[in-house]
Amino acid sequence: ADTPWFNSLREVLVRERFTARLDANDVALRRGGHARLLADLYVMADEYPLDERLAGQLMLALHRCGRTADALGRYEHIRARLADELGIDPGPPLRRLRQRVLTAHPGLDPVPAATGPPAAPVPRQLPP
């Protein structure tokens, strides 16, 4: 179906799907899934080269995988691309992430991935 209404709806759904993927990436990064996400993040970054949120996710995953130089290289790549194509600098969140990577901020350290089922709750009552 190639109608103006359907085309606009398709564009909205594509944007919503992309945003949902970014949200899922954020969750996976918080849970320590940086190594598993790395390949997908590279593919997405090639598809959306000017997306700063995605660039930040890729930088964080690279840093957590011990590839800090690559993470800083990705920052320079998007900085140059934004300057060339749009005439702007990266936004404050991406600049802060770069600074945190440069200083090896402890808040960027990976969180151990959760394995196995959660532990059973321990009763907190004394017997009668």
# chains A, B, ... in the order shown; residues from 1 in each chain; ligands from 1

call {"tool": "residues_around", "arguments": {"residues": "segment 91-107 of chain A", "least_positions_apart": "3", "cutoff": "9 Å", "atoms": "only C-alpha atoms", "output": "compact mmCIF listing (two decimals) with N, CA and C atoms, in the first residue's frame"}}
result
# COMPACT_ATOMS: atom_id res chain seq x y z
N GLU A 52 23.12 10.59 18.30
CA GLU A 52 24.05 10.74 19.42
C GLU A 52 23.78 9.74 20.54
N ARG A 53 22.52 9.42 20.78
CA ARG A 53 22.21 8.45 21.83
C ARG A 53 22.82 7.09 21.48
N ALA A 55 25.34 6.59 19.47
CA ALA A 55 26.80 6.73 19.55
C ALA A 55 27.27 6.60 21.00
N GLY A 56 26.52 7.15 21.94
CA GLY A 56 26.88 7.02 23.34
C GLY A 56 26.79 5.58 23.82
N MET A 59 29.82 3.83 22.44
CA MET A 59 31.01 4.24 23.19
C MET A 59 31.08 3.53 24.54
N LEU A 60 29.95 3.47 25.23
CA LEU A 60 29.91 2.83 26.55
C LEU A 60 30.23 1.34 26.42
N HIS A 63 33.94 0.89 25.72
CA HIS A 63 34.73 1.17 26.93
C HIS A 63 34.65 0.00 27.91
N THR A 68 38.82 1.28 25.15
CA THR A 68 38.64 2.70 25.40
C THR A 68 39.10 3.54 24.22
N ALA A 71 36.41 3.57 21.75
CA ALA A 71 35.29 4.39 22.22
C ALA A 71 35.57 5.87 21.94
N LEU A 72 36.78 6.31 22.23
CA LEU A 72 37.14 7.71 21.96
C LEU A 72 37.21 7.98 20.46
N TYR A 75 33.76 8.66 19.29
CA TYR A 75 33.35 10.03 19.62
C TYR A 75 33.88 10.99 18.56
N ILE A 88 27.25 21.24 13.65
CA ILE A 88 27.04 21.32 15.10
C ILE A 88 28.04 20.43 15.82
N PRO A 110 31.43 -1.88 34.24
CA PRO A 110 30.33 -2.79 33.92
C PRO A 110 29.72 -3.39 35.18

call {"tool": "residues_around", "arguments": {"residues": "segment 9-22 of chain A", "least_positions_apart": "2", "cutoff": "12 Å", "atoms": "only C-alpha atoms", "output": "PDB file with C-alpha atoms, in the first residue's frame"}}
result
ATOM      1  CA  ALA A   1       0.000   0.000   0.000  1.00  0.00           C
ATOM      2  CA  ASP A   2       1.534   3.235  -1.153  1.00  0.00           C
ATOM      3  CA  THR A   3      -0.722   6.002   0.129  1.00  0.00           C
ATOM      4  CA  PRO A   4       0.275   9.192   1.945  1.00  0.00           C
ATOM      5  CA  TRP A   5      -1.541   8.066   5.106  1.00  0.00           C
ATOM      6  CA  PHE A   6       0.092   4.635   5.124  1.00  0.00           C
ATOM      7  CA  ASN A   7       3.534   6.066   4.362  1.00  0.00           C
ATOM      8  CA  ALA A  24      16.281  -2.018  25.092  1.00  0.00           C
ATOM      9  CA  ASN A  25      19.966  -1.266  24.548  1.00  0.00           C
ATOM     10  CA  ASP A  26      19.968   0.993  27.618  1.00  0.00           C
ATOM     11  CA  VAL A  27      18.471  -1.787  29.715  1.00  0.00           C
ATOM     12  CA  ALA A  28      20.956  -4.344  28.400  1.00  0.00           C
ATOM     13  CA  LEU A  29      23.861  -1.994  29.117  1.00  0.00           C
ATOM     14  CA  LEU A  37      25.312  -5.803  22.214  1.00  0.00           C
ATOM     15  CA  ASP A  40      24.301  -4.906  16.937  1.00  0.00           C
ATOM     16  CA  LEU A  41      25.399  -1.446  18.032  1.00  0.00           C
ATOM     17  CA  MET A  44      22.788   0.317  14.090  1.00  0.00           C
ATOM     18  CA  ALA A  45      25.463   3.030  14.127  1.00  0.00           C
ATOM     19  CA  GLU A  47      22.329   2.746   9.751  1.00  0.00           C
ATOM     20  CA  TYR A  48      21.925   5.893  11.895  1.00  0.00           C
ATOM     21  CA  ASP A  51      22.237   9.567  16.302  1.00  0.00           C
ATOM     22  CA  GLU A  52      24.051  10.740  19.419  1.00  0.00           C
ATOM     23  CA  ARG A  53      22.210   8.446  21.830  1.00  0.00           C
ATOM     24  CA  LEU A  54      23.237   5.426  19.782  1.00  0.00           C
ATOM     25  CA  ALA A  55      26.804   6.732  19.553  1.00  0.00           C
ATOM     26  CA  GLY A  56      26.876   7.021  23.340  1.00  0.00           C
ATOM     27  CA  GLN A  57      25.647   3.461  23.743  1.00  0.00           C
ATOM     28  CA  LEU A  58      28.342   2.217  21.382  1.00  0.00           C
TER      29      LEU A  58
END

call {"tool": "closest_residue", "arguments": {"among": "A:Leu86, A:Ala80, A:Leu62, A:Ala69", "to": "Leu108 of chain A", "atoms": "only C-alpha atoms"}}
result
A:Leu62
